[in-house]
$ cat target_25.txt   # compact mmCIF, C-alpha atoms and all ligand atoms
# COMPACT_ATOMS: atom_id res chain seq x y z
CA MET A 1 72.80 121.87 101.29
CA ALA A 2 75.07 119.03 100.22
CA VAL A 3 78.73 119.95 100.16
CA THR A 4 80.58 118.67 97.11
CA SER A 5 84.33 118.31 97.51
CA LYS A 6 86.77 119.36 94.80
CA VAL A 7 87.68 115.69 94.36
CA ASP A 8 84.00 114.77 93.79
CA GLU A 9 83.64 117.56 91.23
CA VAL A 10 86.77 116.53 89.36
CA ARG A 11 85.71 112.89 89.45
CA LYS A 12 82.39 113.83 87.84
CA GLU A 13 84.23 115.83 85.16
CA VAL A 14 86.46 112.84 84.43
CA ASP A 15 83.36 110.64 84.06
CA ARG A 16 81.87 113.17 81.65
CA LEU A 17 85.12 113.21 79.64
CA ALA A 18 85.25 109.42 79.52
CA GLY A 19 81.76 109.41 77.99
CA SER A 20 82.60 111.97 75.32
CA VAL A 21 86.08 111.12 73.97
CA HIS A 22 86.80 109.09 70.85
CA SER A 23 89.96 107.33 72.00
CA ALA A 24 91.99 106.42 75.06
CA SER A 25 94.75 108.82 73.98
CA GLU A 26 92.23 111.68 73.83
CA LEU A 27 91.06 110.74 77.35
CA MET A 28 94.66 110.69 78.59
CA GLU A 29 95.32 114.16 77.13
CA LYS A 30 92.18 115.51 78.77
CA ILE A 31 92.84 113.85 82.14
CA VAL A 32 96.33 115.34 82.46
CA ARG A 33 94.99 118.80 81.60
CA LEU A 34 92.06 118.48 84.00
CA LEU A 35 94.02 117.12 86.97
CA HIS A 36 96.91 119.54 86.51
CA GLY A 37 94.56 122.50 86.06
CA ARG A 38 92.11 121.76 88.89
CA MET A 39 94.05 119.96 91.62
CA LEU A 40 96.36 122.54 93.15
CA LYS A 41 98.82 120.07 94.63
CA TYR A 42 99.15 118.03 91.41
CA ASN A 43 102.20 119.82 89.99
CA TRP A 44 103.23 117.23 87.39
CA VAL A 45 100.68 114.83 85.89
CA GLY A 46 101.58 112.32 83.23
CA PHE A 47 101.03 108.89 81.74
CA TYR A 48 103.71 106.32 81.09
CA MET A 49 102.82 103.45 78.79
CA LEU A 50 104.50 100.06 78.87
CA GLU A 51 106.51 99.10 75.83
CA ASN A 52 107.12 95.37 75.75
CA SER A 53 110.62 93.98 75.43
CA THR A 54 112.05 93.25 72.00
CA SER A 55 115.13 91.28 70.96
CA SER A 56 117.17 94.48 71.30
CA GLN A 57 115.49 96.32 74.22
CA PRO A 58 114.11 95.35 77.65
CA ALA A 59 110.54 96.38 78.57
CA ALA A 60 110.27 100.05 79.55
CA LEU A 61 107.76 102.75 80.45
CA VAL A 62 107.53 105.41 77.76
CA LEU A 63 106.33 108.93 78.56
CA GLY A 64 102.89 109.73 77.12
CA PRO A 65 100.70 112.82 77.55
CA PHE A 66 101.80 114.99 80.48
CA GLN A 67 101.40 118.47 82.00
CA GLY A 68 104.11 120.14 84.05
CA ALA A 69 107.86 120.56 83.79
CA ILE A 70 109.83 118.75 81.10
CA THR A 71 111.15 115.52 82.61
CA PRO A 72 114.44 113.83 81.77
CA HIS A 73 112.69 110.49 82.35
CA THR A 74 111.07 109.80 79.01
CA ARG A 75 111.88 106.09 79.17
CA ILE A 76 112.02 104.20 82.49
CA PRO A 77 113.12 100.56 82.74
CA LEU A 78 110.91 98.43 84.99
CA ASN A 79 113.69 97.98 87.54
CA GLN A 80 114.07 101.76 88.06
CA GLY A 81 112.17 104.48 89.87
CA ILE A 82 108.88 104.57 91.71
CA CYS A 83 107.34 104.27 88.24
CA GLY A 84 109.19 101.04 87.47
CA ALA A 85 108.24 99.60 90.89
CA ALA A 86 104.52 100.38 90.42
CA ALA A 87 104.47 98.80 86.95
CA ALA A 88 106.50 95.75 88.01
CA THR A 89 104.27 95.02 91.04
CA GLY A 90 100.92 96.25 89.68
CA LYS A 91 100.41 98.17 92.94
CA THR A 92 99.54 101.81 93.56
CA LEU A 93 102.48 103.51 95.26
CA VAL A 94 102.01 106.63 97.41
CA ILE A 95 105.32 108.15 98.49
CA ASP A 96 104.87 110.85 101.15
CA ASP A 97 108.54 111.88 101.12
CA VAL A 98 110.38 111.10 97.90
CA SER A 99 113.74 112.05 99.44
CA ALA A 100 113.41 109.08 101.79
CA ASP A 101 112.82 106.54 99.00
CA ALA A 102 115.96 105.17 97.38
CA ARG A 103 114.03 104.17 94.24
CA TYR A 104 112.98 107.75 93.45
CA LEU A 105 114.14 109.23 90.12
CA PRO A 106 114.02 113.05 90.38
CA CYS A 107 112.04 115.00 87.78
CA SER A 108 112.03 118.40 89.51
CA SER A 109 113.98 119.42 92.62
CA GLU A 110 110.69 120.85 93.94
CA THR A 111 108.95 117.46 94.08
CA LYS A 112 108.22 116.30 97.63
CA SER A 113 105.66 113.50 97.19
CA GLU A 114 104.39 111.25 94.42
CA ILE A 115 101.61 108.80 93.53
CA VAL A 116 101.82 106.20 90.77
CA VAL A 117 98.75 104.14 89.79
CA PRO A 118 99.03 101.24 87.32
CA ILE A 119 96.61 100.92 84.39
CA PHE A 120 95.35 97.42 83.61
CA VAL A 121 93.96 95.80 80.48
CA LYS A 122 92.73 92.24 81.01
CA ASN A 123 94.52 92.13 84.37
CA GLU A 124 97.89 93.04 82.81
CA VAL A 125 99.71 96.31 83.50
CA VAL A 126 99.83 98.38 80.30
CA GLY A 127 100.88 101.72 81.75
CA GLU A 128 100.41 104.07 84.68
CA LEU A 129 99.32 107.50 85.80
CA ASP A 130 102.09 109.35 87.69
CA ILE A 131 101.56 112.53 89.71
CA ASP A 132 104.20 114.59 91.53
CA SER A 133 103.55 117.28 94.13
CA HIS A 134 105.63 120.14 95.48
CA PHE A 135 103.93 119.43 98.85
CA PRO A 136 104.95 116.64 101.23
CA ALA A 137 102.36 113.87 101.73
CA ALA A 138 100.03 115.52 99.19
CA PHE A 139 98.06 112.38 98.35
CA ASP A 140 95.46 111.13 100.85
CA ASP A 141 92.89 108.36 100.43
CA GLU A 142 90.54 110.62 98.44
CA ASP A 143 93.35 111.48 96.01
CA ARG A 144 94.32 107.83 95.70
CA GLU A 145 90.72 106.95 94.89
CA LEU A 146 90.46 109.74 92.28
CA VAL A 147 93.72 108.80 90.55
CA GLN A 148 92.80 105.10 90.59
CA HIS A 149 89.44 105.99 89.07
CA CYS A 150 91.17 107.91 86.24
CA ALA A 151 93.56 105.03 85.59
CA ALA A 152 90.68 102.52 85.56
CA LEU A 153 88.72 104.60 83.01
CA VAL A 154 91.73 104.69 80.68
CA GLY A 155 92.20 100.92 81.11
CA LYS A 156 88.52 100.31 80.29
CA LEU A 157 88.74 102.42 77.13
CA LEU A 158 91.97 100.71 76.03
CA GLU A 159 90.36 97.33 76.64
CA ARG A 160 87.27 98.31 74.65
CA SER A 161 89.43 99.47 71.74
CA GLY A 162 91.14 96.07 71.69
CA ALA A 163 94.51 97.25 73.05
N1 LIG A 201 109.77 110.17 89.88
C1 LIG A 201 109.53 109.07 88.95
C2 LIG A 201 110.09 109.41 87.58
C3 LIG A 201 109.12 110.12 86.72
S1 LIG A 201 109.13 111.81 86.94
O1 LIG A 201 108.68 112.05 88.29
C4 LIG A 201 108.06 112.51 85.94
C5 LIG A 201 110.13 107.79 89.49
O2 LIG A 201 110.78 107.80 90.53
O3 LIG A 201 109.95 106.75 88.86
$ encode --input "target_25.txt" --output "structure tokens" --more "lines below"
Ligand code: SME
Amino acid sequence: MAVTSKVDEVRKEVDRLAGSVHSASELMEKIVRLLHGRMLKYNWVGFYMLENSTSSQPAALVLGPFQGAITPHTRIPLNQGICGAAAATGKTLVIDDVSADARYLPCSSETKSEIVVPIFVKNEVVGELDIDSHFPAAFDDEDRELVQHCAALVGKLLERSGA
């Protein structure tokens, strides 16, 4: 009998969701609920979307749909935090021990590790999916692949809707 891992199951559910939603924001709402509800080590799951700079404000990441504790970081400049670093470089960041990373902006004192995956539309970063865990080194290669898959589906839907 084939053994299906939790990650495989959740990935299939995300694919089903992506085929049934009417908008990228609906998919984002459903992804945060699914990942937070099903993945035991995903204690805070949220999207940040990039707001471009204006004459009065520099570019910043603005908190979108999320599940978990209320965060003080509703707006993160690109030169701050793990979130800012992931958006500025366009690279997935996996931080096994947030206390050892000087860039880390604390959301909850219980957070031990974090993953941030950028979302792209036409090769440009438009946002990111951020997940915090109360467990150290909670995100292995399978988690990274799952979270990157979720971020890519949101990017595809945004691109299709002309974002
Ligand atoms: N820890 C993030 C800030 C966002 S909260 O975790 C929700 C960072 O260092 O950028």
$ closest_residue --input "target_25.txt" --among "A:Ser113, A:Ser20, A:Ser108, A:Ser133" --to "A:Pro72" --atoms "all atoms listed in the file"
A:Ser108
$ atom_distance --input "target_25.txt" --atom1 "atom CA of A:Thr111" --atom2 "atom CA of A:Glu13"
26.3 Å
$ axis_aligned_box --input "target_25.txt" --around "stretch 138-147 of chain A" --padding-each-side "8 Å" --output "lines of an AutoDock Vina configuration file"
center_x = 95.2
center_y = 111.2
center_z = 95.7
size_x = 25.6
size_y = 24.6
size_z = 26.3
$ residues_near_point --input "target_25.txt" --point "(92.9, 113.3, 97.0)" --cutoff "12 Å" --atoms "all atoms listed in the file" --output "PyMOL selection string"
chain A and resi 5-11+35+38-42+94+114-115+131+133+137-149
$ atom_distance --input "target_25.txt" --atom1 "atom CA of A:Pro118" --atom2 "atom CA of A:Ile82"
11.3 Å
$ closest_residue --input "target_25.txt" --among "A:Ala100, A:Val62, A:Met49, A:Ala85" --to "A:Ile119" --atoms "all atoms listed in the file"
A:Met49
$ residues_near_ligand --input "target_25.txt" --ligand "ligand LIG 201 (chain A)" --cutoff "7 Å" --atoms "all atoms listed in the file" --output "compact mmCIF listing (two decimals) with C-alpha atoms, keeping the file's coordinate frame"
# COMPACT_ATOMS: atom_id res chain seq x y z
CA TRP A 44 103.23 117.23 87.39
CA THR A 71 111.15 115.52 82.61
CA HIS A 73 112.69 110.49 82.35
CA GLN A 80 114.07 101.76 88.06
CA GLY A 81 112.17 104.48 89.87
CA ILE A 82 108.88 104.57 91.71
CA CYS A 83 107.34 104.27 88.24
CA GLY A 84 109.19 101.04 87.47
CA ARG A 103 114.03 104.17 94.24
CA TYR A 104 112.98 107.75 93.45
CA LEU A 105 114.14 109.23 90.12
CA PRO A 106 114.02 113.05 90.38
CA CYS A 107 112.04 115.00 87.78
CA ASP A 130 102.09 109.35 87.69
CA ASP A 132 104.20 114.59 91.53
$ decode --input "target_25.txt" --residues "stretch 21-70 of chain A" --atoms "N, CA and C atoms" --output "PDB file, in the first residue's frame"
ATOM      1  N   VAL A  21     -11.114  28.143  -6.638  1.00  0.00           N
ATOM      2  CA  VAL A  21     -11.350  29.515  -6.138  1.00  0.00           C
ATOM      3  C   VAL A  21     -11.619  30.485  -7.287  1.00  0.00           C
ATOM      4  N   HIS A  22     -12.162  31.650  -6.927  1.00  0.00           N
ATOM      5  CA  HIS A  22     -12.488  32.660  -7.927  1.00  0.00           C
ATOM      6  C   HIS A  22     -11.481  33.795  -7.974  1.00  0.00           C
ATOM      7  N   SER A  23     -10.584  33.851  -6.996  1.00  0.00           N
ATOM      8  CA  SER A  23      -9.618  34.956  -6.990  1.00  0.00           C
ATOM      9  C   SER A  23      -8.383  34.544  -6.201  1.00  0.00           C
ATOM     10  N   ALA A  24      -7.309  35.279  -6.416  1.00  0.00           N
ATOM     11  CA  ALA A  24      -6.070  35.013  -5.677  1.00  0.00           C
ATOM     12  C   ALA A  24      -6.291  35.282  -4.189  1.00  0.00           C
ATOM     13  N   SER A  25      -7.086  36.308  -3.861  1.00  0.00           N
ATOM     14  CA  SER A  25      -7.265  36.592  -2.423  1.00  0.00           C
ATOM     15  C   SER A  25      -8.058  35.472  -1.747  1.00  0.00           C
ATOM     16  N   GLU A  26      -9.005  34.863  -2.471  1.00  0.00           N
ATOM     17  CA  GLU A  26      -9.725  33.714  -1.905  1.00  0.00           C
ATOM     18  C   GLU A  26      -8.753  32.550  -1.696  1.00  0.00           C
ATOM     19  N   LEU A  27      -7.842  32.342  -2.657  1.00  0.00           N
ATOM     20  CA  LEU A  27      -6.863  31.253  -2.506  1.00  0.00           C
ATOM     21  C   LEU A  27      -5.951  31.536  -1.302  1.00  0.00           C
ATOM     22  N   MET A  28      -5.546  32.777  -1.128  1.00  0.00           N
ATOM     23  CA  MET A  28      -4.668  33.110   0.001  1.00  0.00           C
ATOM     24  C   MET A  28      -5.372  32.840   1.330  1.00  0.00           C
ATOM     25  N   GLU A  29      -6.645  33.245   1.417  1.00  0.00           N
ATOM     26  CA  GLU A  29      -7.426  32.985   2.647  1.00  0.00           C
ATOM     27  C   GLU A  29      -7.468  31.488   2.943  1.00  0.00           C
ATOM     28  N   LYS A  30      -7.716  30.704   1.880  1.00  0.00           N
ATOM     29  CA  LYS A  30      -7.883  29.261   2.077  1.00  0.00           C
ATOM     30  C   LYS A  30      -6.549  28.593   2.380  1.00  0.00           C
ATOM     31  N   ILE A  31      -5.473  29.069   1.773  1.00  0.00           N
ATOM     32  CA  ILE A  31      -4.154  28.474   2.045  1.00  0.00           C
ATOM     33  C   ILE A  31      -3.759  28.709   3.500  1.00  0.00           C
ATOM     34  N   VAL A  32      -3.965  29.921   4.021  1.00  0.00           N
ATOM     35  CA  VAL A  32      -3.536  30.152   5.417  1.00  0.00           C
ATOM     36  C   VAL A  32      -4.349  29.273   6.367  1.00  0.00           C
ATOM     37  N   ARG A  33      -5.642  29.108   6.066  1.00  0.00           N
ATOM     38  CA  ARG A  33      -6.470  28.264   6.948  1.00  0.00           C
ATOM     39  C   ARG A  33      -6.027  26.798   6.867  1.00  0.00           C
ATOM     40  N   LEU A  34      -5.783  26.344   5.628  1.00  0.00           N
ATOM     41  CA  LEU A  34      -5.392  24.942   5.442  1.00  0.00           C
ATOM     42  C   LEU A  34      -4.039  24.645   6.103  1.00  0.00           C
ATOM     43  N   LEU A  35      -3.045  25.472   5.818  1.00  0.00           N
ATOM     44  CA  LEU A  35      -1.703  25.191   6.356  1.00  0.00           C
ATOM     45  C   LEU A  35      -1.686  25.307   7.875  1.00  0.00           C
ATOM     46  N   HIS A  36      -2.359  26.314   8.406  1.00  0.00           N
ATOM     47  CA  HIS A  36      -2.379  26.497   9.860  1.00  0.00           C
ATOM     48  C   HIS A  36      -3.140  25.362  10.534  1.00  0.00           C
ATOM     49  N   GLY A  37      -4.228  24.922   9.891  1.00  0.00           N
ATOM     50  CA  GLY A  37      -5.070  23.877  10.482  1.00  0.00           C
ATOM     51  C   GLY A  37      -4.460  22.488  10.390  1.00  0.00           C
ATOM     52  N   ARG A  38      -3.734  22.199   9.311  1.00  0.00           N
ATOM     53  CA  ARG A  38      -3.269  20.825   9.069  1.00  0.00           C
ATOM     54  C   ARG A  38      -1.817  20.562   9.436  1.00  0.00           C
ATOM     55  N   MET A  39      -0.975  21.584   9.338  1.00  0.00           N
ATOM     56  CA  MET A  39       0.454  21.367   9.582  1.00  0.00           C
ATOM     57  C   MET A  39       0.758  21.792  11.019  1.00  0.00           C
ATOM     58  N   LEU A  40       1.007  20.781  11.876  1.00  0.00           N
ATOM     59  CA  LEU A  40       1.062  21.051  13.318  1.00  0.00           C
ATOM     60  C   LEU A  40       2.147  22.032  13.729  1.00  0.00           C
ATOM     61  N   LYS A  41       3.239  22.060  12.970  1.00  0.00           N
ATOM     62  CA  LYS A  41       4.337  22.959  13.361  1.00  0.00           C
ATOM     63  C   LYS A  41       4.217  24.350  12.724  1.00  0.00           C
ATOM     64  N   TYR A  42       3.171  24.576  11.933  1.00  0.00           N
ATOM     65  CA  TYR A  42       2.998  25.884  11.293  1.00  0.00           C
ATOM     66  C   TYR A  42       2.109  26.736  12.217  1.00  0.00           C
ATOM     67  N   ASN A  43       2.716  27.436  13.153  1.00  0.00           N
ATOM     68  CA  ASN A  43       1.941  28.118  14.193  1.00  0.00           C
ATOM     69  C   ASN A  43       1.466  29.517  13.815  1.00  0.00           C
ATOM     70  N   TRP A  44       2.097  30.125  12.840  1.00  0.00           N
ATOM     71  CA  TRP A  44       1.614  31.409  12.302  1.00  0.00           C
ATOM     72  C   TRP A  44       1.827  31.328  10.792  1.00  0.00           C
ATOM     73  N   VAL A  45       0.783  31.568  10.031  1.00  0.00           N
ATOM     74  CA  VAL A  45       0.860  31.460   8.568  1.00  0.00           C
ATOM     75  C   VAL A  45       0.233  32.717   7.975  1.00  0.00           C
ATOM     76  N   GLY A  46       0.986  33.449   7.191  1.00  0.00           N
ATOM     77  CA  GLY A  46       0.392  34.664   6.633  1.00  0.00           C
ATOM     78  C   GLY A  46       1.068  35.125   5.359  1.00  0.00           C
ATOM     79  N   PHE A  47       0.316  35.926   4.610  1.00  0.00           N
ATOM     80  CA  PHE A  47       0.849  36.539   3.391  1.00  0.00           C
ATOM     81  C   PHE A  47       1.190  37.993   3.670  1.00  0.00           C
ATOM     82  N   TYR A  48       2.269  38.447   3.078  1.00  0.00           N
ATOM     83  CA  TYR A  48       2.584  39.870   2.999  1.00  0.00           C
ATOM     84  C   TYR A  48       2.636  40.233   1.530  1.00  0.00           C
ATOM     85  N   MET A  49       1.985  41.330   1.161  1.00  0.00           N
ATOM     86  CA  MET A  49       1.997  41.738  -0.240  1.00  0.00           C
ATOM     87  C   MET A  49       2.764  43.047  -0.387  1.00  0.00           C
ATOM     88  N   LEU A  50       3.514  43.132  -1.477  1.00  0.00           N
ATOM     89  CA  LEU A  50       4.393  44.281  -1.692  1.00  0.00           C
ATOM     90  C   LEU A  50       3.590  45.492  -2.161  1.00  0.00           C
ATOM     91  N   GLU A  51       3.796  46.578  -1.446  1.00  0.00           N
ATOM     92  CA  GLU A  51       3.181  47.848  -1.856  1.00  0.00           C
ATOM     93  C   GLU A  51       4.321  48.693  -2.404  1.00  0.00           C
ATOM     94  N   ASN A  52       4.186  49.113  -3.655  1.00  0.00           N
ATOM     95  CA  ASN A  52       5.287  49.857  -4.267  1.00  0.00           C
ATOM     96  C   ASN A  52       5.472  51.215  -3.615  1.00  0.00           C
ATOM     97  N   SER A  53       6.644  51.789  -3.797  1.00  0.00           N
ATOM     98  CA  SER A  53       6.918  53.091  -3.188  1.00  0.00           C
ATOM     99  C   SER A  53       6.074  54.175  -3.863  1.00  0.00           C
ATOM    100  N   THR A  54       5.790  55.211  -3.103  1.00  0.00           N
ATOM    101  CA  THR A  54       5.090  56.371  -3.648  1.00  0.00           C
ATOM    102  C   THR A  54       5.973  57.581  -3.335  1.00  0.00           C
ATOM    103  N   SER A  55       5.521  58.771  -3.710  1.00  0.00           N
ATOM    104  CA  SER A  55       6.338  59.959  -3.434  1.00  0.00           C
ATOM    105  C   SER A  55       6.488  60.165  -1.927  1.00  0.00           C
ATOM    106  N   SER A  56       5.510  59.646  -1.133  1.00  0.00           N
ATOM    107  CA  SER A  56       5.592  59.886   0.309  1.00  0.00           C
ATOM    108  C   SER A  56       6.036  58.667   1.126  1.00  0.00           C
ATOM    109  N   GLN A  57       6.029  57.448   0.519  1.00  0.00           N
ATOM    110  CA  GLN A  57       6.355  56.258   1.310  1.00  0.00           C
ATOM    111  C   GLN A  57       7.265  55.315   0.539  1.00  0.00           C
ATOM    112  N   PRO A  58       8.285  54.730   1.215  1.00  0.00           N
ATOM    113  CA  PRO A  58       9.096  53.712   0.535  1.00  0.00           C
ATOM    114  C   PRO A  58       8.301  52.409   0.374  1.00  0.00           C
ATOM    115  N   ALA A  59       8.760  51.526  -0.516  1.00  0.00           N
ATOM    116  CA  ALA A  59       8.091  50.234  -0.714  1.00  0.00           C
ATOM    117  C   ALA A  59       8.054  49.465   0.606  1.00  0.00           C
ATOM    118  N   ALA A  60       6.969  48.729   0.820  1.00  0.00           N
ATOM    119  CA  ALA A  60       6.841  47.971   2.074  1.00  0.00           C
ATOM    120  C   ALA A  60       5.982  46.740   1.834  1.00  0.00           C
ATOM    121  N   LEU A  61       6.129  45.773   2.741  1.00  0.00           N
ATOM    122  CA  LEU A  61       5.296  44.565   2.724  1.00  0.00           C
ATOM    123  C   LEU A  61       4.115  44.803   3.654  1.00  0.00           C
ATOM    124  N   VAL A  62       2.917  44.592   3.144  1.00  0.00           N
ATOM    125  CA  VAL A  62       1.713  44.856   3.926  1.00  0.00           C
ATOM    126  C   VAL A  62       1.039  43.529   4.253  1.00  0.00           C
ATOM    127  N   LEU A  63       0.691  43.347   5.525  1.00  0.00           N
ATOM    128  CA  LEU A  63       0.086  42.097   5.982  1.00  0.00           C
ATOM    129  C   LEU A  63      -1.231  41.828   5.255  1.00  0.00           C
ATOM    130  N   GLY A  64      -1.358  40.608   4.745  1.00  0.00           N
ATOM    131  CA  GLY A  64      -2.596  40.167   4.089  1.00  0.00           C
ATOM    132  C   GLY A  64      -3.276  39.123   4.956  1.00  0.00           C
ATOM    133  N   PRO A  65      -3.945  38.137   4.335  1.00  0.00           N
ATOM    134  CA  PRO A  65      -4.611  37.097   5.115  1.00  0.00           C
ATOM    135  C   PRO A  65      -3.607  36.351   5.991  1.00  0.00           C
ATOM    136  N   PHE A  66      -3.979  36.070   7.230  1.00  0.00           N
ATOM    137  CA  PHE A  66      -3.097  35.300   8.113  1.00  0.00           C
ATOM    138  C   PHE A  66      -3.917  34.511   9.119  1.00  0.00           C
ATOM    139  N   GLN A  67      -3.284  33.488   9.715  1.00  0.00           N
ATOM    140  CA  GLN A  67      -3.870  32.702  10.803  1.00  0.00           C
ATOM    141  C   GLN A  67      -2.811  32.583  11.875  1.00  0.00           C
ATOM    142  N   GLY A  68      -3.196  32.819  13.121  1.00  0.00           N
ATOM    143  CA  GLY A  68      -2.249  32.755  14.231  1.00  0.00           C
ATOM    144  C   GLY A  68      -2.364  34.026  15.045  1.00  0.00           C
ATOM    145  N   ALA A  69      -1.379  34.237  15.909  1.00  0.00           N
ATOM    146  CA  ALA A  69      -1.436  35.382  16.827  1.00  0.00           C
ATOM    147  C   ALA A  69      -1.387  36.704  16.055  1.00  0.00           C
ATOM    148  N   ILE A  70      -2.002  37.711  16.647  1.00  0.00           N
ATOM    149  CA  ILE A  70      -1.933  39.065  16.078  1.00  0.00           C
ATOM    150  C   ILE A  70      -0.462  39.484  16.059  1.00  0.00           C
TER     151      ILE A  70
END
